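Chemist: Contents of protein.cif (mmCIF, C-alpha atoms):
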data_my_file
#
loop_
_atom_site.label_atom_id
_atom_site.label_comp_id
_atom_site.auth_asym_id
_atom_site.auth_seq_id
_atom_site.Cartn_x
_atom_site.Cartn_y
_atom_site.Cartn_z
CA MET A 1 15.93 7.73 -12.10
CA ASN A 2 18.23 9.74 -14.31
CA SER A 3 15.88 10.99 -17.00
CA ALA A 4 18.71 12.59 -18.95
CA ALA A 5 20.17 9.14 -19.56
CA LEU A 6 16.88 7.83 -20.81
CA GLN A 7 16.57 8.17 -24.57
CA THR A 8 13.71 7.02 -26.70
CA ASP A 9 13.46 4.78 -29.71
CA THR A 10 10.53 3.39 -31.68
CA GLN A 11 9.71 -0.23 -32.33
CA ASP A 12 7.19 -2.17 -34.40
CA ILE A 13 4.97 -5.19 -33.86
CA VAL A 14 4.78 -7.45 -36.91
CA VAL A 15 2.25 -10.28 -37.23
CA GLU A 16 2.04 -12.26 -40.44
CA GLU A 17 -0.07 -15.20 -41.48
CA ILE A 18 -1.12 -17.00 -44.66
CA PHE A 19 -4.86 -17.52 -44.96
CA PRO A 20 -6.39 -19.95 -47.49
CA TYR A 21 -8.64 -17.24 -48.95
CA THR A 22 -8.43 -14.71 -51.76
CA PRO A 23 -7.14 -11.19 -51.10
CA GLU A 24 -10.69 -9.96 -51.91
CA THR A 25 -12.19 -12.02 -49.06
CA ILE A 26 -9.52 -10.84 -46.60
CA TRP A 27 -9.90 -7.23 -47.75
CA ASN A 28 -13.61 -7.48 -47.09
CA THR A 29 -13.03 -8.48 -43.44
CA LEU A 30 -10.54 -5.62 -43.00
CA THR A 31 -12.73 -2.92 -44.49
CA THR A 32 -16.38 -3.71 -43.69
CA GLY A 33 -17.47 -2.02 -40.46
CA GLU A 34 -19.72 -4.87 -39.33
CA LEU A 35 -17.04 -7.51 -40.03
CA ILE A 36 -14.25 -5.47 -38.39
CA GLY A 37 -16.42 -5.48 -35.26
CA ARG A 38 -16.49 -9.27 -35.32
CA TRP A 39 -12.74 -9.86 -35.18
CA LEU A 40 -11.06 -6.60 -34.13
CA MET A 41 -13.32 -4.08 -32.39
CA ALA A 42 -16.42 -2.26 -33.62
CA PRO A 43 -15.26 0.91 -35.37
CA THR A 44 -17.24 4.15 -35.43
CA GLY A 45 -17.21 6.00 -38.74
CA PHE A 46 -14.89 3.69 -40.65
CA GLU A 47 -14.76 3.80 -44.44
CA PRO A 48 -11.83 2.54 -46.54
CA VAL A 49 -11.28 6.01 -47.96
CA LYS A 50 -8.05 7.96 -47.58
CA GLY A 51 -8.41 10.80 -45.08
CA LYS A 52 -11.47 9.33 -43.35
CA HIS A 53 -11.48 9.63 -39.53
CA PHE A 54 -12.85 6.87 -37.30
CA THR A 55 -12.55 5.64 -33.71
CA PHE A 56 -12.41 2.49 -31.58
CA GLN A 57 -13.53 2.42 -27.97
CA THR A 58 -11.21 0.60 -25.54
CA LYS A 59 -10.70 0.48 -21.78
CA ALA A 60 -10.14 3.93 -20.23
CA ALA A 61 -7.05 4.65 -18.13
CA GLY A 62 -6.56 7.71 -15.92
CA ALA A 63 -7.11 10.95 -17.84
CA TRP A 64 -7.66 9.03 -21.09
CA ASP A 65 -11.22 7.98 -21.99
CA GLY A 66 -10.04 4.92 -23.92
CA THR A 67 -10.83 6.27 -27.41
CA ILE A 68 -8.44 5.20 -30.16
CA ARG A 69 -8.50 7.90 -32.84
CA CYS A 70 -7.70 6.75 -36.35
CA GLN A 71 -7.41 8.20 -39.82
CA VAL A 72 -7.12 6.21 -43.04
CA LEU A 73 -3.71 6.98 -44.53
CA GLU A 74 -3.86 4.60 -47.46
CA ALA A 75 -6.50 2.29 -48.95
CA ILE A 76 -5.53 0.32 -52.06
CA PRO A 77 -8.24 -2.33 -52.53
CA ASN A 78 -7.05 -5.92 -51.97
CA GLN A 79 -3.49 -4.73 -51.40
CA ARG A 80 -2.85 -2.28 -48.63
CA LEU A 81 -4.68 -0.50 -45.83
CA ALA A 82 -2.99 1.85 -43.41
CA TYR A 83 -4.44 3.96 -40.61
CA SER A 84 -3.08 6.03 -37.76
CA TRP A 85 -3.80 4.66 -34.28
CA GLN A 86 -3.64 7.31 -31.57
CA GLY A 87 -4.71 7.57 -27.98
CA GLY A 88 -3.57 7.75 -24.39
CA ASP A 89 -2.54 10.61 -22.19
CA GLU A 90 0.82 12.05 -21.11
CA SER A 91 -0.06 11.53 -17.44
CA ASN A 92 -0.30 7.73 -17.83
CA VAL A 93 2.54 5.22 -17.76
CA GLY A 94 2.40 1.88 -19.60
CA TYR A 95 -1.12 1.04 -20.81
CA GLY A 96 -2.92 4.34 -21.38
CA SER A 97 0.19 6.45 -21.97
CA ARG A 98 0.49 8.65 -25.06
CA LEU A 99 0.20 6.51 -28.19
CA ASN A 100 0.99 7.79 -31.66
CA THR A 101 1.24 4.79 -33.93
CA VAL A 102 0.32 3.48 -37.39
CA VAL A 103 -1.28 0.15 -38.34
CA THR A 104 -0.50 -1.11 -41.85
CA TRP A 105 -2.12 -4.14 -43.45
CA THR A 106 -0.48 -5.64 -46.53
CA LEU A 107 -2.13 -8.39 -48.56
CA SER A 108 -0.17 -10.44 -51.08
CA LYS A 109 -1.44 -13.27 -53.19
CA VAL A 110 0.48 -16.53 -52.65
CA ALA A 111 0.01 -20.03 -54.12
CA ASN A 112 -2.19 -21.27 -51.28
CA GLY A 113 -4.07 -18.09 -50.48
CA THR A 114 -3.15 -14.68 -49.16
CA ARG A 115 -0.30 -13.55 -46.97
CA LEU A 116 -1.61 -10.99 -44.51
CA GLN A 117 0.96 -8.86 -42.77
CA MET A 118 0.16 -6.40 -40.02
CA ILE A 119 2.73 -3.88 -38.88
CA HIS A 120 1.86 -1.77 -35.87
CA SER A 121 4.63 0.80 -35.87
CA GLY A 122 5.84 3.73 -33.80
CA PHE A 123 5.94 2.40 -30.23
CA VAL A 124 8.16 4.68 -28.22
CA MET A 125 10.33 2.57 -25.97
CA PRO A 126 12.70 3.77 -23.29
CA LYS A 127 16.26 3.10 -24.41
CA ASN A 128 18.79 3.05 -21.65
CA ASP A 129 22.20 1.71 -22.56
CA SER A 130 22.90 0.35 -19.09
CA ALA A 131 19.57 -1.35 -18.55
CA PHE A 132 16.96 -1.75 -21.23
CA LYS A 133 19.28 -2.49 -24.13
CA SER A 134 21.29 -5.16 -22.37
CA MET A 135 18.13 -7.06 -21.51
CA GLY A 136 18.23 -8.24 -25.11
CA GLU A 137 17.37 -11.92 -25.49
CA GLY A 138 16.53 -12.33 -21.84
CA TRP A 139 13.70 -9.89 -22.27
CA LYS A 140 12.12 -12.10 -24.91
CA LYS A 141 12.24 -15.13 -22.61
CA VAL A 142 10.47 -13.16 -19.91
CA VAL A 143 7.81 -12.09 -22.39
CA PRO A 144 5.62 -15.21 -22.00
CA SER A 145 5.01 -14.24 -18.37
CA ILE A 146 4.30 -10.66 -19.40
CA GLY A 147 2.05 -11.97 -22.16
CA ALA A 148 -0.08 -13.79 -19.59
CA ILE A 149 -0.61 -10.55 -17.69
CA ALA A 150 -1.35 -8.58 -20.84
CA ALA A 151 -3.83 -11.26 -21.97
CA ASP A 152 -5.49 -10.90 -18.61
CA GLN A 153 -5.82 -7.16 -19.19
CA GLY A 154 -7.12 -7.74 -22.70
CA GLU A 155 -9.99 -9.85 -21.43
CA ARG A 156 -11.22 -6.94 -19.36
CA ASN A 157 -11.34 -4.64 -22.39
CA MET B 1 -1.43 4.74 -11.03
CA ILE B 2 1.85 3.07 -11.83
CA GLU B 3 4.80 5.42 -11.25
CA ALA B 4 7.79 5.60 -13.57
CA ALA B 5 10.27 4.63 -10.85
CA PRO B 6 9.21 0.96 -10.46
CA ILE B 7 9.63 0.41 -14.22
CA ASN B 8 13.22 1.52 -13.96
CA ALA B 9 13.77 -0.52 -10.82
CA VAL B 10 12.47 -3.62 -12.58
CA MET B 11 14.52 -2.88 -15.70
CA ARG B 12 17.66 -2.23 -13.71
CA THR B 13 17.16 -5.45 -11.75
CA LEU B 14 16.73 -7.53 -14.89
CA ALA B 15 19.55 -5.82 -16.76
CA ASP B 16 22.14 -7.99 -15.00
CA PRO B 17 22.49 -11.15 -17.14
CA THR B 18 23.21 -13.48 -14.22
CA ARG B 19 20.33 -12.11 -12.20
CA ARG B 20 18.08 -12.37 -15.23
CA ALA B 21 19.12 -16.03 -15.67
CA VAL B 22 18.24 -16.65 -12.01
CA PHE B 23 14.88 -14.96 -12.51
CA GLU B 24 14.14 -17.00 -15.63
CA ARG B 25 14.82 -20.23 -13.74
CA VAL B 26 12.50 -19.10 -10.94
CA VAL B 27 9.84 -18.24 -13.55
CA LYS B 28 10.15 -21.69 -15.13
CA SER B 29 9.76 -23.58 -11.86
CA GLU B 30 6.76 -23.38 -9.63
CA GLU B 31 8.96 -23.05 -6.54
CA ILE B 32 12.70 -23.39 -6.23
CA THR B 33 15.31 -23.28 -3.44
CA VAL B 34 18.71 -21.55 -3.46
CA LEU B 35 20.34 -24.98 -3.44
CA GLU B 36 18.45 -26.07 -6.56
CA LEU B 37 19.29 -22.79 -8.25
CA THR B 38 22.98 -23.20 -7.39
CA ARG B 39 23.01 -26.70 -8.88
CA GLY B 40 23.28 -26.48 -12.64
CA SER B 41 24.75 -23.00 -12.36
CA ASP B 42 28.39 -21.90 -12.21
CA VAL B 43 27.55 -19.13 -9.77
CA THR B 44 28.14 -19.53 -6.02
CA GLN B 45 25.30 -19.98 -3.57
CA GLY B 46 26.15 -16.63 -1.97
CA ALA B 47 25.87 -14.84 -5.32
CA ILE B 48 22.55 -16.54 -6.07
CA SER B 49 21.24 -15.42 -2.67
CA GLN B 50 22.26 -11.84 -3.41
CA HIS B 51 20.48 -11.93 -6.77
CA LEU B 52 17.35 -13.35 -5.13
CA LYS B 53 17.49 -10.53 -2.59
CA SER B 54 17.56 -7.93 -5.40
CA LEU B 55 14.75 -9.71 -7.24
CA LYS B 56 12.73 -9.73 -4.03
CA GLN B 57 13.32 -6.00 -3.51
CA ALA B 58 12.15 -5.29 -7.07
CA GLY B 59 8.98 -7.25 -6.33
CA LEU B 60 9.80 -9.89 -8.95
CA VAL B 61 10.22 -12.82 -6.57
CA ALA B 62 8.44 -13.90 -3.39
CA GLU B 63 9.67 -16.37 -0.75
CA ARG B 64 7.99 -18.98 1.43
CA ARG B 65 9.73 -20.48 4.44
CA GLU B 66 9.14 -24.08 5.39
CA GLY B 67 11.31 -25.38 8.23
CA ARG B 68 14.94 -24.80 7.20
CA ASN B 69 14.06 -24.37 3.54
CA VAL B 70 13.19 -21.19 1.70
CA PHE B 71 11.22 -21.59 -1.52
CA TYR B 72 11.24 -18.86 -4.13
CA ARG B 73 8.57 -18.26 -6.72
CA ALA B 74 8.07 -15.62 -9.41
CA GLU B 75 5.78 -12.77 -8.51
CA PRO B 76 4.00 -11.91 -11.79
CA LYS B 77 2.67 -8.67 -10.32
CA GLY B 78 6.26 -7.42 -10.23
CA LEU B 79 6.29 -7.47 -14.01
CA ALA B 80 3.12 -5.38 -14.26
CA PRO B 81 5.01 -2.07 -14.64
CA LEU B 82 6.59 -3.56 -17.78
CA VAL B 83 3.23 -4.23 -19.40
CA ASP B 84 3.32 -1.24 -21.68
CA TRP B 85 1.52 -0.49 -24.92
CA MET B 86 3.84 -2.71 -26.87
CA SER B 87 3.33 -5.85 -24.81
CA HIS B 88 -0.38 -5.05 -24.66
CA TYR B 89 -0.65 -4.89 -28.44
CA GLY B 90 1.73 -7.83 -28.97
CA VAL B 91 -0.89 -10.04 -27.33
CA PHE B 92 -3.83 -8.06 -28.72
CA TRP B 93 -2.89 -8.54 -32.38
CA ARG B 94 -2.13 -12.25 -32.01
CA GLN B 95 -5.59 -12.71 -30.49
CA ARG B 96 -7.15 -10.65 -33.29
CA PHE B 97 -5.46 -12.79 -35.96
CA THR B 98 -7.01 -15.84 -34.29
CA ASN B 99 -10.42 -14.11 -34.32
CA LEU B 100 -9.94 -13.26 -37.99
CA ARG B 101 -9.12 -16.88 -38.85
CA SER B 102 -12.35 -18.05 -37.13
CA LEU B 103 -14.41 -15.34 -38.84
CA LEU B 104 -13.06 -16.28 -42.28
CA LYS B 105 -13.99 -19.93 -41.65
CA GLU B 106 -17.48 -18.80 -40.72
CA ILE B 107 -17.91 -16.58 -43.79
CA ASP B 108 -16.30 -18.94 -46.30
CA PRO B 109 -15.99 -22.48 -44.90
#
Could I get this structure in the form of structure tokens?
Modeler:
Amino acid sequence: MNSAALQTDTQDIVVEEIFPYTPETIWNTLTTGELIGRWLMAPTGFEPVKGKHFTFQTKAAGAWDGTIRCQVLEAIPNQRLAYSWQGGDESNVGYGSRLNTVVTWTLSKVANGTRLQMIHSGFVMPKNDSAFKSMGEGWKKVVPSIGAIAADQGERN
Amino acid sequence: MIEAAPINAVMRTLADPTRRAVFERVVKSEEITVLELTRGSDVTQGAISQHLKSLKQAGLVAERREGRNVFYRAEPKGLAPLVDWMSHYGVFWRQRFTNLRSLLKEIDP
């Protein structure tokens, strides 16, 4: 491996869906501790207040105890919620490696309900001109197989 | 612990577009022979064999011999080094959106 040739770049995950409910109802599920626990993971210390620190407990890996450390960065009722999402350890590779990301929820009222968009940003990806980059479209086709493995991992969380 | 080297080996192996195409066809079929892979491809049988050899070395493909035939199948474990945070969360968030949809139905049917 030629580490000098390996640069880094960040990428985002975007998931968007329209739900037939009001922004108020959606906001409630995103910001009530008990409800968050029923669809995401049970948070410890969450309050939809800017600056508030909270955690999620996930599967440990190597030197990392599995704690996701978060801080509310923005909380505009019924519109936008953003929090940092940090964890991992330098000594891990892949799942459990250093993670310094941000999760942003945006709610917008549409004719048939609410559009909910989630952007999980700041994933550091290896960028290697000769290898990673040229995988391009092919990479996406391989993803379903990777997805199956990741889903498998998720079940054990 | 997964070392950094296998990730690069897997990435390097899949970086070649022809080899990647071969791998994708192996992934899509349960088991496939070199002959079947050569059919419907404009690459020679020799080249396909070479690509399969590289895929095998990277741990992405496994073979099974039966008489004169060799059957290739995808080895999902070979892709494990590529399951990083991003692919983990790609699946994670889609599952969570599904959970959220069910929860909303429960709260407000």
Chemist: Using CA of Glu24 in chain A and CA of Tyr89 in chain B as the two end points, give the distance in Å to one decimal.
Modeler: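 Separation between CA of Glu24 in chain A and CA of Tyr89 in chain B: 26.0 Å.
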Chemist: Figure out the distance between CA of Asp89 in chain A and CA of Ala60 in chain A, please, to one decimal in Å.
Modeler: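 So the answer is 10.3 Å.
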Chemist: Rounded to one decimal, what separation in Å do you get between CA of Ile13 in chain A and CA of Ser29 in chain B?
Modeler: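 Atom-to-atom, CA of Ile13 in chain A to CA of Ser29 in chain B, that is 29.1 Å.
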Chemist: Residue by residue, what does the PyMOL selection byres ((chain A and resi 34-48) around 10) grab here? Present the result as a PDB file with C-alpha atoms, in the frame of the given file.
Modeler:
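Written out: selection-v2.pdb:
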ATOM      1  CA  ASN A  28     -13.610  -7.480 -47.090  1.00  0.00           C
ATOM      2  CA  THR A  29     -13.030  -8.480 -43.440  1.00  0.00           C
ATOM      3  CA  LEU A  30     -10.540  -5.620 -43.000  1.00  0.00           C
ATOM      4  CA  THR A  31     -12.730  -2.920 -44.490  1.00  0.00           C
ATOM      5  CA  THR A  32     -16.380  -3.710 -43.690  1.00  0.00           C
ATOM      6  CA  GLY A  33     -17.470  -2.020 -40.460  1.00  0.00           C
ATOM      7  CA  VAL A  49     -11.280   6.010 -47.960  1.00  0.00           C
ATOM      8  CA  LYS A  50      -8.050   7.960 -47.580  1.00  0.00           C
ATOM      9  CA  GLY A  51      -8.410  10.800 -45.080  1.00  0.00           C
ATOM     10  CA  LYS A  52     -11.470   9.330 -43.350  1.00  0.00           C
ATOM     11  CA  HIS A  53     -11.480   9.630 -39.530  1.00  0.00           C
ATOM     12  CA  PHE A  54     -12.850   6.870 -37.300  1.00  0.00           C
ATOM     13  CA  THR A  55     -12.550   5.640 -33.710  1.00  0.00           C
ATOM     14  CA  PHE A  56     -12.410   2.490 -31.580  1.00  0.00           C
ATOM     15  CA  GLN A  57     -13.530   2.420 -27.970  1.00  0.00           C
ATOM     16  CA  THR A  58     -11.210   0.600 -25.540  1.00  0.00           C
ATOM     17  CA  ILE A  68      -8.440   5.200 -30.160  1.00  0.00           C
ATOM     18  CA  ARG A  69      -8.500   7.900 -32.840  1.00  0.00           C
ATOM     19  CA  CYS A  70      -7.700   6.750 -36.350  1.00  0.00           C
ATOM     20  CA  GLN A  71      -7.410   8.200 -39.820  1.00  0.00           C
ATOM     21  CA  VAL A  72      -7.120   6.210 -43.040  1.00  0.00           C
ATOM     22  CA  LEU A  73      -3.710   6.980 -44.530  1.00  0.00           C
ATOM     23  CA  GLU A  74      -3.860   4.600 -47.460  1.00  0.00           C
ATOM     24  CA  ALA A  75      -6.500   2.290 -48.950  1.00  0.00           C
ATOM     25  CA  ILE A  76      -5.530   0.320 -52.060  1.00  0.00           C
ATOM     26  CA  PRO A  77      -8.240  -2.330 -52.530  1.00  0.00           C
ATOM     27  CA  LEU A  81      -4.680  -0.500 -45.830  1.00  0.00           C
ATOM     28  CA  ALA A  82      -2.990   1.850 -43.410  1.00  0.00           C
ATOM     29  CA  TYR A  83      -4.440   3.960 -40.610  1.00  0.00           C
TER      30      TYR A  83
ATOM     31  CA  PHE B  92      -3.830  -8.060 -28.720  1.00  0.00           C
ATOM     32  CA  TRP B  93      -2.890  -8.540 -32.380  1.00  0.00           C
ATOM     33  CA  GLN B  95      -5.590 -12.710 -30.490  1.00  0.00           C
ATOM     34  CA  ARG B  96      -7.150 -10.650 -33.290  1.00  0.00           C
ATOM     35  CA  PHE B  97      -5.460 -12.790 -35.960  1.00  0.00           C
ATOM     36  CA  THR B  98      -7.010 -15.840 -34.290  1.00  0.00           C
ATOM     37  CA  ASN B  99     -10.420 -14.110 -34.320  1.00  0.00           C
ATOM     38  CA  LEU B 100      -9.940 -13.260 -37.990  1.00  0.00           C
ATOM     39  CA  ARG B 101      -9.120 -16.880 -38.850  1.00  0.00           C
ATOM     40  CA  SER B 102     -12.350 -18.050 -37.130  1.00  0.00           C
ATOM     41  CA  LEU B 103     -14.410 -15.340 -38.840  1.00  0.00           C
ATOM     42  CA  LEU B 104     -13.060 -16.280 -42.280  1.00  0.00           C
ATOM     43  CA  ILE B 107     -17.910 -16.580 -43.790  1.00  0.00           C
TER      44      ILE B 107
END
Chemist: If the PyMOL selection byres ((chain A and resi 18) around 8) is run on the structure shown, which residues does it catch, given as a list in words?
Modeler: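 In the shown coordinates, the PyMOL selection byres ((chain A and resi 18) around 8) covers Glu16, Glu17, Phe19, Pro20, Asn112, Gly113, Thr114, Arg115 and Leu116 of chain A.
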Chemist: So which residues get picked by the PyMOL selection byres ((chain B and resi 74) around 7) here, written as a list of chain:residue names?
Modeler: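 Applying the expression gives B:Val26, B:Val27, B:Leu60, B:Val61, B:Ala62, B:Tyr72, B:Arg73, B:Glu75, B:Pro76.
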Chemist: Supply range 47-66 of chain B as a compact mmCIF listing (two decimals), in the frame of the given file, with N, CA and C atoms built in where the input has gaps.
Modeler:
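File produced: selection23.txt:
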# COMPACT_ATOMS: atom_id res chain seq x y z
N ALA B 47 26.24 -15.76 -4.23
CA ALA B 47 25.87 -14.84 -5.32
C ALA B 47 24.40 -15.01 -5.69
N ILE B 48 23.96 -16.27 -5.75
CA ILE B 48 22.55 -16.54 -6.07
C ILE B 48 21.64 -15.88 -5.02
N SER B 49 22.03 -16.02 -3.76
CA SER B 49 21.24 -15.42 -2.67
C SER B 49 21.14 -13.91 -2.83
N GLN B 50 22.27 -13.30 -3.20
CA GLN B 50 22.26 -11.84 -3.41
C GLN B 50 21.31 -11.45 -4.54
N HIS B 51 21.36 -12.22 -5.63
CA HIS B 51 20.48 -11.93 -6.77
C HIS B 51 19.02 -12.09 -6.37
N LEU B 52 18.73 -13.12 -5.58
CA LEU B 52 17.35 -13.35 -5.13
C LEU B 52 16.87 -12.19 -4.26
N LYS B 53 17.82 -11.65 -3.46
CA LYS B 53 17.49 -10.53 -2.59
C LYS B 53 17.10 -9.31 -3.45
N SER B 54 17.88 -9.05 -4.50
CA SER B 54 17.56 -7.93 -5.40
C SER B 54 16.23 -8.14 -6.09
N LEU B 55 16.00 -9.39 -6.54
CA LEU B 55 14.75 -9.71 -7.24
C LEU B 55 13.55 -9.52 -6.31
N LYS B 56 13.78 -9.87 -5.03
CA LYS B 56 12.73 -9.73 -4.03
C LYS B 56 12.42 -8.24 -3.80
N GLN B 57 13.49 -7.45 -3.73
CA GLN B 57 13.32 -6.00 -3.51
C GLN B 57 12.59 -5.34 -4.67
N ALA B 58 12.81 -5.86 -5.89
CA ALA B 58 12.15 -5.29 -7.07
C ALA B 58 10.72 -5.82 -7.21
N GLY B 59 10.34 -6.71 -6.29
CA GLY B 59 8.98 -7.25 -6.33
C GLY B 59 8.77 -8.31 -7.40
N LEU B 60 9.89 -8.89 -7.88
CA LEU B 60 9.80 -9.89 -8.95
C LEU B 60 9.72 -11.31 -8.42
N VAL B 61 10.16 -11.49 -7.17
CA VAL B 61 10.22 -12.82 -6.57
C VAL B 61 9.66 -12.76 -5.15
N ALA B 62 8.95 -13.82 -4.75
CA ALA B 62 8.44 -13.90 -3.39
C ALA B 62 9.00 -15.15 -2.74
N GLU B 63 9.11 -15.18 -1.41
CA GLU B 63 9.67 -16.37 -0.75
C GLU B 63 8.67 -16.97 0.23
N ARG B 64 8.83 -18.26 0.47
CA ARG B 64 7.99 -18.98 1.43
C ARG B 64 8.91 -19.86 2.26
N ARG B 65 8.87 -19.68 3.56
CA ARG B 65 9.73 -20.48 4.44
C ARG B 65 9.00 -21.72 4.91
N GLU B 66 9.72 -22.84 4.88
CA GLU B 66 9.14 -24.08 5.39
C GLU B 66 10.27 -24.83 6.10
